[in-house]
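Colleague: Mind looking over this structure? Questions follow.
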Amino acid sequence: MTYRPQAPVPLPRAILLATAAAFAAVALSHLVGWAVSQYLEALHTTPDANIGAGLALLLLPVPLAPVLVWPLVRMVRLPYPALTALAVALPYLLSAMGVWQLCMSFTDPAPPLVSVGFLAVADALALTVVLAATAVLTTRHHARALRDR
């Protein structure tokens, strides 16, 4: 069931709600990546398991964030949450992989915690930009649909 408010959502409010949902989705996805890496590290103490834990910590949040956006966009009650989340997925994945490549090239000699923190902030900014733009488009479409009734 898709939530469609009877009154149009103002654009500044839609951008603010999209920003909150984006930061929450990235935070939750990085928390899941951290939990999986801790589980892998506790399960096996061999160096190969540590490599897997590091990959889980760095790569798992990227595809998980757009999945977590849908319930959060629905929770903040933006119009057309399924369409918004679906439209966000591909542009975010492309921008997040670009951000990931830049992050790994700039923070190569940095300590792992700094690079993971930088990656989390960069992912949050990438998802915020894409989700806010998509929320503006769907909100404008919804306002136009309400006006044409």
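If you're wondering about the labels, chains in the structure tokens are A, B, ... by order shown, residues count from 1 in each chain, ligands from 1 in order shown.
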Among stretch 57-95 of chain A, which ones does DSSP place in helix (DSSP H, G or I), written as an mmCIF file with all heavy atoms, in the first residue's frame?
Modeller:
```cif
data_model
loop_
_atom_site.group_PDB
_atom_site.id
_atom_site.type_symbol
_atom_site.label_atom_id
_atom_site.label_comp_id
_atom_site.auth_asym_id
_atom_site.auth_seq_id
_atom_site.Cartn_x
_atom_site.Cartn_y
_atom_site.Cartn_z
ATOM 1 N N LEU A 57 32.809 -4.889 5.866
ATOM 2 C CA LEU A 57 32.726 -3.562 6.466
ATOM 3 C C LEU A 57 32.686 -2.462 5.408
ATOM 4 O O LEU A 57 31.971 -1.476 5.549
ATOM 5 C CB LEU A 57 33.919 -3.347 7.403
ATOM 6 C CG LEU A 57 34.010 -2.030 8.147
ATOM 7 C CD1 LEU A 57 32.824 -1.892 9.093
ATOM 8 C CD2 LEU A 57 35.306 -1.957 8.915
ATOM 9 N N LEU A 58 33.427 -2.649 4.317
ATOM 10 C CA LEU A 58 33.508 -1.606 3.304
ATOM 11 C C LEU A 58 32.466 -1.734 2.196
ATOM 12 O O LEU A 58 31.963 -0.728 1.700
ATOM 13 C CB LEU A 58 34.902 -1.601 2.671
ATOM 14 C CG LEU A 58 36.039 -1.173 3.583
ATOM 15 C CD1 LEU A 58 37.360 -1.338 2.876
ATOM 16 C CD2 LEU A 58 35.842 0.243 4.057
ATOM 17 N N LEU A 59 32.153 -2.957 1.783
ATOM 18 C CA LEU A 59 31.309 -3.130 0.599
ATOM 19 C C LEU A 59 29.844 -3.441 0.897
ATOM 20 O O LEU A 59 28.992 -3.175 0.062
ATOM 21 C CB LEU A 59 31.885 -4.232 -0.294
ATOM 22 C CG LEU A 59 33.206 -3.905 -0.954
ATOM 23 C CD1 LEU A 59 33.675 -5.078 -1.785
ATOM 24 C CD2 LEU A 59 33.082 -2.667 -1.812
ATOM 25 N N PRO A 61 27.621 -2.041 2.994
ATOM 26 C CA PRO A 61 26.700 -0.903 3.114
ATOM 27 C C PRO A 61 26.250 -0.302 1.792
ATOM 28 O O PRO A 61 25.165 0.259 1.704
ATOM 29 C CB PRO A 61 27.496 0.120 3.921
ATOM 30 C CG PRO A 61 28.476 -0.665 4.678
ATOM 31 C CD PRO A 61 28.842 -1.810 3.800
ATOM 32 N N VAL A 62 27.064 -0.433 0.746
ATOM 33 C CA VAL A 62 26.706 0.207 -0.525
ATOM 34 C C VAL A 62 25.427 -0.385 -1.121
ATOM 35 O O VAL A 62 24.491 0.360 -1.424
ATOM 36 C CB VAL A 62 27.892 0.164 -1.513
ATOM 37 C CG1 VAL A 62 27.482 0.668 -2.877
ATOM 38 C CG2 VAL A 62 29.039 0.991 -0.970
ATOM 39 N N PRO A 63 25.300 -1.699 -1.309
ATOM 40 C CA PRO A 63 24.026 -2.201 -1.861
ATOM 41 C C PRO A 63 22.901 -2.266 -0.826
ATOM 42 O O PRO A 63 21.735 -2.344 -1.185
ATOM 43 C CB PRO A 63 24.372 -3.596 -2.374
ATOM 44 C CG PRO A 63 25.539 -4.012 -1.580
ATOM 45 C CD PRO A 63 26.296 -2.757 -1.239
ATOM 46 N N LEU A 64 23.247 -2.224 0.447
ATOM 47 C CA LEU A 64 22.216 -2.331 1.481
ATOM 48 C C LEU A 64 21.477 -1.020 1.725
ATOM 49 O O LEU A 64 20.296 -1.020 2.076
ATOM 50 C CB LEU A 64 22.857 -2.827 2.782
ATOM 51 C CG LEU A 64 21.933 -3.272 3.890
ATOM 52 C CD1 LEU A 64 21.048 -4.416 3.400
ATOM 53 C CD2 LEU A 64 22.732 -3.705 5.091
ATOM 54 N N ALA A 65 22.125 0.107 1.515
ATOM 55 C CA ALA A 65 21.502 1.410 1.777
ATOM 56 C C ALA A 65 20.260 1.659 0.925
ATOM 57 O O ALA A 65 19.230 2.090 1.466
ATOM 58 C CB ALA A 65 22.518 2.527 1.599
ATOM 59 N N PRO A 66 20.268 1.394 -0.405
ATOM 60 C CA PRO A 66 19.026 1.630 -1.152
ATOM 61 C C PRO A 66 17.896 0.683 -0.760
ATOM 62 O O PRO A 66 16.727 1.019 -0.913
ATOM 63 C CB PRO A 66 19.415 1.446 -2.618
ATOM 64 C CG PRO A 66 20.786 0.983 -2.657
ATOM 65 C CD PRO A 66 21.374 1.086 -1.286
ATOM 66 N N VAL A 67 18.240 -0.479 -0.246
ATOM 67 C CA VAL A 67 17.204 -1.405 0.224
ATOM 68 C C VAL A 67 16.544 -0.859 1.487
ATOM 69 O O VAL A 67 15.326 -0.958 1.669
ATOM 70 C CB VAL A 67 17.800 -2.809 0.468
ATOM 71 C CG1 VAL A 67 16.800 -3.738 1.109
ATOM 72 C CG2 VAL A 67 18.329 -3.396 -0.830
ATOM 73 N N LEU A 68 17.344 -0.266 2.352
ATOM 74 C CA LEU A 68 16.821 0.284 3.605
ATOM 75 C C LEU A 68 16.117 1.625 3.428
ATOM 76 O O LEU A 68 15.456 2.094 4.344
ATOM 77 C CB LEU A 68 17.951 0.432 4.618
ATOM 78 C CG LEU A 68 18.558 -0.872 5.123
ATOM 79 C CD1 LEU A 68 19.764 -0.591 5.997
ATOM 80 C CD2 LEU A 68 17.530 -1.680 5.879
ATOM 81 N N VAL A 69 16.258 2.235 2.253
ATOM 82 C CA VAL A 69 15.612 3.530 2.019
ATOM 83 C C VAL A 69 14.098 3.387 1.964
ATOM 84 O O VAL A 69 13.372 4.232 2.488
ATOM 85 C CB VAL A 69 16.159 4.172 0.715
ATOM 86 C CG1 VAL A 69 15.245 5.239 0.190
ATOM 87 C CG2 VAL A 69 17.511 4.759 0.980
ATOM 88 N N TRP A 70 13.607 2.324 1.350
ATOM 89 C CA TRP A 70 12.162 2.200 1.152
ATOM 90 C C TRP A 70 11.366 2.239 2.458
ATOM 91 O O TRP A 70 10.432 3.041 2.579
ATOM 92 C CB TRP A 70 11.827 0.934 0.357
ATOM 93 C CG TRP A 70 10.367 0.750 0.212
ATOM 94 C CD1 TRP A 70 9.523 1.510 -0.544
ATOM 95 C CD2 TRP A 70 9.562 -0.205 0.870
ATOM 96 N NE1 TRP A 70 8.238 1.057 -0.405
ATOM 97 C CE2 TRP A 70 8.230 0.004 0.464
ATOM 98 C CE3 TRP A 70 9.830 -1.234 1.763
ATOM 99 C CZ2 TRP A 70 7.183 -0.770 0.918
ATOM 100 C CZ3 TRP A 70 8.786 -2.012 2.209
ATOM 101 C CH2 TRP A 70 7.479 -1.765 1.782
ATOM 102 N N PRO A 71 11.695 1.418 3.472
ATOM 103 C CA PRO A 71 10.895 1.536 4.698
ATOM 104 C C PRO A 71 11.054 2.882 5.391
ATOM 105 O O PRO A 71 10.115 3.374 6.021
ATOM 106 C CB PRO A 71 11.384 0.386 5.580
ATOM 107 C CG PRO A 71 12.583 -0.155 4.958
ATOM 108 C CD PRO A 71 12.663 0.326 3.563
ATOM 109 N N LEU A 72 12.229 3.490 5.258
ATOM 110 C CA LEU A 72 12.426 4.782 5.913
ATOM 111 C C LEU A 72 11.677 5.901 5.200
ATOM 112 O O LEU A 72 11.115 6.786 5.846
ATOM 113 C CB LEU A 72 13.915 5.097 5.991
ATOM 114 C CG LEU A 72 14.699 4.166 6.919
ATOM 115 C CD1 LEU A 72 16.187 4.381 6.761
ATOM 116 C CD2 LEU A 72 14.282 4.366 8.350
ATOM 117 N N VAL A 73 11.651 5.869 3.873
ATOM 118 C CA VAL A 73 10.872 6.862 3.127
ATOM 119 C C VAL A 73 9.388 6.672 3.420
ATOM 120 O O VAL A 73 8.636 7.634 3.546
ATOM 121 C CB VAL A 73 11.176 6.758 1.611
ATOM 122 C CG1 VAL A 73 10.178 7.535 0.785
ATOM 123 C CG2 VAL A 73 12.572 7.259 1.331
ATOM 124 N N ARG A 74 8.987 5.433 3.555
ATOM 125 C CA ARG A 74 7.593 5.154 3.916
ATOM 126 C C ARG A 74 7.286 5.631 5.335
ATOM 127 O O ARG A 74 6.203 6.151 5.612
ATOM 128 C CB ARG A 74 7.350 3.657 3.790
ATOM 129 C CG ARG A 74 5.941 3.273 3.926
ATOM 130 C CD ARG A 74 5.784 1.799 3.709
ATOM 131 N NE ARG A 74 4.476 1.412 4.165
ATOM 132 C CZ ARG A 74 3.691 0.603 3.519
ATOM 133 N NH1 ARG A 74 4.105 0.056 2.418
ATOM 134 N NH2 ARG A 74 2.512 0.303 4.000
ATOM 135 N N MET A 75 8.263 5.487 6.229
ATOM 136 C CA MET A 75 8.071 5.893 7.620
ATOM 137 C C MET A 75 7.923 7.413 7.745
ATOM 138 O O MET A 75 7.128 7.887 8.555
ATOM 139 C CB MET A 75 9.243 5.415 8.477
ATOM 140 C CG MET A 75 9.044 5.632 9.952
ATOM 141 S SD MET A 75 10.478 5.194 10.956
ATOM 142 C CE MET A 75 10.954 3.621 10.334
ATOM 143 N N PRO A 81 6.440 6.109 -1.873
ATOM 144 C CA PRO A 81 7.717 5.632 -1.325
ATOM 145 C C PRO A 81 8.350 4.519 -2.153
ATOM 146 O O PRO A 81 9.572 4.491 -2.298
ATOM 147 C CB PRO A 81 7.347 5.149 0.072
ATOM 148 C CG PRO A 81 5.901 4.897 0.033
ATOM 149 C CD PRO A 81 5.327 5.836 -0.977
ATOM 150 N N ALA A 82 7.556 3.632 -2.727
ATOM 151 C CA ALA A 82 8.131 2.547 -3.521
ATOM 152 C C ALA A 82 8.766 3.089 -4.797
ATOM 153 O O ALA A 82 9.878 2.695 -5.168
ATOM 154 C CB ALA A 82 7.060 1.516 -3.853
ATOM 155 N N LEU A 83 8.083 4.002 -5.461
ATOM 156 C CA LEU A 83 8.620 4.605 -6.671
ATOM 157 C C LEU A 83 9.872 5.430 -6.359
ATOM 158 O O LEU A 83 10.859 5.384 -7.094
ATOM 159 C CB LEU A 83 7.561 5.486 -7.332
ATOM 160 C CG LEU A 83 7.984 6.238 -8.579
ATOM 161 C CD1 LEU A 83 8.251 5.254 -9.705
ATOM 162 C CD2 LEU A 83 6.919 7.232 -8.985
ATOM 163 N N THR A 84 9.845 6.145 -5.261
ATOM 164 C CA THR A 84 10.996 6.949 -4.860
ATOM 165 C C THR A 84 12.204 6.059 -4.575
ATOM 166 O O THR A 84 13.306 6.323 -5.052
ATOM 167 C CB THR A 84 10.657 7.795 -3.625
ATOM 168 O OG1 THR A 84 9.530 8.616 -3.925
ATOM 169 C CG2 THR A 84 11.811 8.670 -3.208
ATOM 170 N N ALA A 85 11.992 4.991 -3.815
ATOM 171 C CA ALA A 85 13.099 4.090 -3.480
ATOM 172 C C ALA A 85 13.629 3.370 -4.706
ATOM 173 O O ALA A 85 14.839 3.175 -4.849
ATOM 174 C CB ALA A 85 12.649 3.089 -2.428
ATOM 175 N N LEU A 86 12.749 2.992 -5.602
ATOM 176 C CA LEU A 86 13.177 2.298 -6.818
ATOM 177 C C LEU A 86 13.960 3.230 -7.740
ATOM 178 O O LEU A 86 14.966 2.835 -8.332
ATOM 179 C CB LEU A 86 11.960 1.735 -7.543
ATOM 180 C CG LEU A 86 12.225 0.757 -8.663
ATOM 181 C CD1 LEU A 86 12.956 -0.465 -8.124
ATOM 182 C CD2 LEU A 86 10.919 0.334 -9.306
ATOM 183 N N ALA A 87 13.523 4.472 -7.838
ATOM 184 C CA ALA A 87 14.212 5.434 -8.695
ATOM 185 C C ALA A 87 15.565 5.837 -8.121
ATOM 186 O O ALA A 87 16.455 6.273 -8.860
ATOM 187 C CB ALA A 87 13.343 6.671 -8.890
ATOM 188 N N VAL A 88 15.750 5.698 -6.834
ATOM 189 C CA VAL A 88 17.004 6.084 -6.177
ATOM 190 C C VAL A 88 18.087 5.023 -6.369
ATOM 191 O O VAL A 88 19.273 5.353 -6.413
ATOM 192 C CB VAL A 88 16.744 6.316 -4.668
ATOM 193 C CG1 VAL A 88 17.997 6.259 -3.845
ATOM 194 C CG2 VAL A 88 16.048 7.632 -4.478
ATOM 195 N N ALA A 89 17.706 3.768 -6.508
ATOM 196 C CA ALA A 89 18.660 2.660 -6.433
ATOM 197 C C ALA A 89 19.813 2.769 -7.436
ATOM 198 O O ALA A 89 20.979 2.764 -7.045
ATOM 199 C CB ALA A 89 17.932 1.334 -6.594
ATOM 200 N N LEU A 90 19.532 2.852 -8.709
ATOM 201 C CA LEU A 90 20.604 2.840 -9.702
ATOM 202 C C LEU A 90 21.490 4.088 -9.654
ATOM 203 O O LEU A 90 22.722 3.955 -9.629
ATOM 204 C CB LEU A 90 20.033 2.631 -11.110
ATOM 205 C CG LEU A 90 21.077 2.495 -12.203
ATOM 206 C CD1 LEU A 90 21.943 1.265 -11.960
ATOM 207 C CD2 LEU A 90 20.409 2.420 -13.556
ATOM 208 N N PRO A 91 20.915 5.309 -9.600
ATOM 209 C CA PRO A 91 21.828 6.463 -9.502
ATOM 210 C C PRO A 91 22.679 6.457 -8.235
ATOM 211 O O PRO A 91 23.846 6.840 -8.263
ATOM 212 C CB PRO A 91 20.896 7.679 -9.511
ATOM 213 C CG PRO A 91 19.629 7.199 -10.079
ATOM 214 C CD PRO A 91 19.537 5.748 -9.775
ATOM 215 N N TYR A 92 22.103 5.979 -7.133
ATOM 216 C CA TYR A 92 22.897 5.922 -5.902
ATOM 217 C C TYR A 92 24.017 4.892 -6.017
ATOM 218 O O TYR A 92 25.144 5.161 -5.591
ATOM 219 C CB TYR A 92 22.031 5.589 -4.693
ATOM 220 C CG TYR A 92 22.874 5.212 -3.502
ATOM 221 C CD1 TYR A 92 23.627 6.166 -2.834
ATOM 222 C CD2 TYR A 92 22.973 3.899 -3.075
ATOM 223 C CE1 TYR A 92 24.441 5.827 -1.768
ATOM 224 C CE2 TYR A 92 23.781 3.552 -2.015
ATOM 225 C CZ TYR A 92 24.511 4.513 -1.366
ATOM 226 O OH TYR A 92 25.324 4.175 -0.323
ATOM 227 N N LEU A 93 23.716 3.722 -6.567
ATOM 228 C CA LEU A 93 24.756 2.702 -6.685
ATOM 229 C C LEU A 93 25.906 3.186 -7.560
ATOM 230 O O LEU A 93 27.073 2.952 -7.246
ATOM 231 C CB LEU A 93 24.172 1.406 -7.232
ATOM 232 C CG LEU A 93 23.295 0.629 -6.253
ATOM 233 C CD1 LEU A 93 22.669 -0.574 -6.943
ATOM 234 C CD2 LEU A 93 24.096 0.183 -5.047
ATOM 235 N N LEU A 94 25.587 3.871 -8.645
ATOM 236 C CA LEU A 94 26.640 4.404 -9.512
ATOM 237 C C LEU A 94 27.459 5.479 -8.793
ATOM 238 O O LEU A 94 28.691 5.467 -8.839
ATOM 239 C CB LEU A 94 26.039 4.960 -10.799
ATOM 240 C CG LEU A 94 25.431 3.918 -11.736
ATOM 241 C CD1 LEU A 94 24.742 4.607 -12.902
ATOM 242 C CD2 LEU A 94 26.474 2.943 -12.207
ATOM 243 N N SER A 95 26.784 6.397 -8.118
ATOM 244 C CA SER A 95 27.518 7.457 -7.404
ATOM 245 C C SER A 95 28.268 6.902 -6.204
ATOM 246 O O SER A 95 29.375 7.350 -5.893
ATOM 247 C CB SER A 95 26.571 8.578 -6.992
ATOM 248 O OG SER A 95 25.633 8.106 -6.059
#
```
Colleague: Just want the 10 Å neighbourhood of stretch 10-18 of chain A, counted on only C-alpha atoms, with same-chain residues fewer than 6 positions away dropped. Output as a PyMOL selection string.
Modeller: chain A and resi 24+69+72-73+75-79+84+127-140+143
Colleague: Could you take the residues named above and write them with N, CA and C atoms, as an mmCIF file, in the first residue's frame?
Modeller:
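Written file, selection-v6.cif:
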```
data_model
loop_
_atom_site.group_PDB
_atom_site.id
_atom_site.type_symbol
_atom_site.label_atom_id
_atom_site.label_comp_id
_atom_site.auth_asym_id
_atom_site.auth_seq_id
_atom_site.Cartn_x
_atom_site.Cartn_y
_atom_site.Cartn_z
ATOM 1 N N ALA A 24 19.700 8.062 7.835
ATOM 2 C CA ALA A 24 19.342 6.896 8.644
ATOM 3 C C ALA A 24 19.625 5.597 7.891
ATOM 4 N N VAL A 69 16.258 2.235 2.253
ATOM 5 C CA VAL A 69 15.612 3.530 2.019
ATOM 6 C C VAL A 69 14.098 3.387 1.964
ATOM 7 N N LEU A 72 12.229 3.490 5.258
ATOM 8 C CA LEU A 72 12.426 4.782 5.913
ATOM 9 C C LEU A 72 11.677 5.901 5.200
ATOM 10 N N VAL A 73 11.651 5.869 3.873
ATOM 11 C CA VAL A 73 10.872 6.862 3.127
ATOM 12 C C VAL A 73 9.388 6.672 3.420
ATOM 13 N N MET A 75 8.263 5.487 6.229
ATOM 14 C CA MET A 75 8.071 5.893 7.620
ATOM 15 C C MET A 75 7.923 7.413 7.745
ATOM 16 N N VAL A 76 8.688 8.166 6.947
ATOM 17 C CA VAL A 76 8.588 9.621 7.028
ATOM 18 C C VAL A 76 7.427 10.159 6.195
ATOM 19 N N ARG A 77 6.707 9.253 5.519
ATOM 20 C CA ARG A 77 5.453 9.537 4.817
ATOM 21 C C ARG A 77 5.616 10.487 3.628
ATOM 22 N N LEU A 78 6.649 10.247 2.842
ATOM 23 C CA LEU A 78 6.747 10.937 1.570
ATOM 24 C C LEU A 78 5.821 10.248 0.575
ATOM 25 N N PRO A 79 5.287 10.975 -0.395
ATOM 26 C CA PRO A 79 4.409 10.321 -1.364
ATOM 27 C C PRO A 79 5.197 9.370 -2.268
ATOM 28 N N THR A 84 9.845 6.145 -5.261
ATOM 29 C CA THR A 84 10.996 6.949 -4.860
ATOM 30 C C THR A 84 12.204 6.059 -4.575
ATOM 31 N N LEU A 127 23.760 9.523 -1.124
ATOM 32 C CA LEU A 127 22.362 9.088 -1.027
ATOM 33 C C LEU A 127 21.441 10.263 -0.745
ATOM 34 N N THR A 128 21.898 11.234 0.026
ATOM 35 C CA THR A 128 21.078 12.409 0.312
ATOM 36 C C THR A 128 20.780 13.193 -0.955
ATOM 37 N N VAL A 129 21.789 13.406 -1.771
ATOM 38 C CA VAL A 129 21.585 14.167 -3.008
ATOM 39 C C VAL A 129 20.618 13.444 -3.935
ATOM 40 N N VAL A 130 20.823 12.158 -4.134
ATOM 41 C CA VAL A 130 19.967 11.400 -5.049
ATOM 42 C C VAL A 130 18.549 11.284 -4.495
ATOM 43 N N LEU A 131 18.411 10.992 -3.208
ATOM 44 C CA LEU A 131 17.082 10.831 -2.621
ATOM 45 C C LEU A 131 16.335 12.151 -2.552
ATOM 46 N N ALA A 132 17.015 13.240 -2.252
ATOM 47 C CA ALA A 132 16.343 14.542 -2.210
ATOM 48 C C ALA A 132 15.861 14.946 -3.601
ATOM 49 N N ALA A 133 16.676 14.717 -4.614
ATOM 50 C CA ALA A 133 16.249 15.039 -5.983
ATOM 51 C C ALA A 133 15.060 14.192 -6.402
ATOM 52 N N THR A 134 15.077 12.928 -6.083
ATOM 53 C CA THR A 134 13.956 12.050 -6.421
ATOM 54 C C THR A 134 12.710 12.419 -5.631
ATOM 55 N N ALA A 135 12.880 12.774 -4.363
ATOM 56 C CA ALA A 135 11.728 13.179 -3.552
ATOM 57 C C ALA A 135 11.106 14.465 -4.085
ATOM 58 N N VAL A 136 11.928 15.383 -4.559
ATOM 59 C CA VAL A 136 11.391 16.609 -5.148
ATOM 60 C C VAL A 136 10.576 16.283 -6.399
ATOM 61 N N LEU A 137 11.091 15.390 -7.239
ATOM 62 C CA LEU A 137 10.358 15.019 -8.449
ATOM 63 C C LEU A 137 9.034 14.329 -8.140
ATOM 64 N N THR A 138 9.051 13.365 -7.213
ATOM 65 C CA THR A 138 7.804 12.673 -6.901
ATOM 66 C C THR A 138 6.828 13.582 -6.152
ATOM 67 N N THR A 139 7.337 14.494 -5.338
ATOM 68 C CA THR A 139 6.457 15.426 -4.630
ATOM 69 C C THR A 139 5.803 16.392 -5.611
ATOM 70 N N ARG A 140 6.576 16.885 -6.579
ATOM 71 C CA ARG A 140 5.990 17.759 -7.599
ATOM 72 C C ARG A 140 4.946 17.014 -8.430
ATOM 73 N N ALA A 143 1.863 16.695 -6.276
ATOM 74 C CA ALA A 143 1.146 17.969 -6.155
ATOM 75 C C ALA A 143 0.392 18.274 -7.446
#
```
Colleague: Near A:Val99, counting only C-alpha atoms, which residues have an atom at most 8 Å away, once you skip same-chain residues fewer than 6 positions from it, shown as a ChimeraX atom specification?
Modeller: /A:119,122-123,126
Colleague: Applying 12 Å and only C-alpha atoms, which residues near A:Ala56 remain after dropping the ones on its own chain fewer than 5 positions away? List them as a list in words.
Modeller: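 Final neighbour list, sorted by chain and number: Ser29, His30, Leu31, Val32, Gly33, Trp34, Ala35, Val36, Ser37, Gln38, Tyr39, Leu40, Glu41, Ala49, Asn50, Ile51, Pro61, Val62, Pro63, Leu64 and Val116 of chain A.
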Colleague: How many Å separate atom CA of A:Thr46 from atom CA of A:Ala27?
Modeller: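 Computing it gives 28.4 Å between the two atoms.
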Colleague: Between A:Val26, A:Ala120, A:Trp100, A:Tyr80, which is the closest to A:Val9 once you count only C-alpha atoms?
Modeller: A:Tyr80
Colleague: Rounded to one decimal, what separation in Å do you get between atom CA of A:Gly98 and atom CA of A:Leu55?
Modeller: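 Between atom CA of A:Gly98 and atom CA of A:Leu55 the gap is 16.7 Å.
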Colleague: How many Å separate atom CA of A:Ser115 from atom CA of A:Gln101?
Modeller: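 We find that atom CA of A:Ser115 and atom CA of A:Gln101 lie 11.7 Å from each other.
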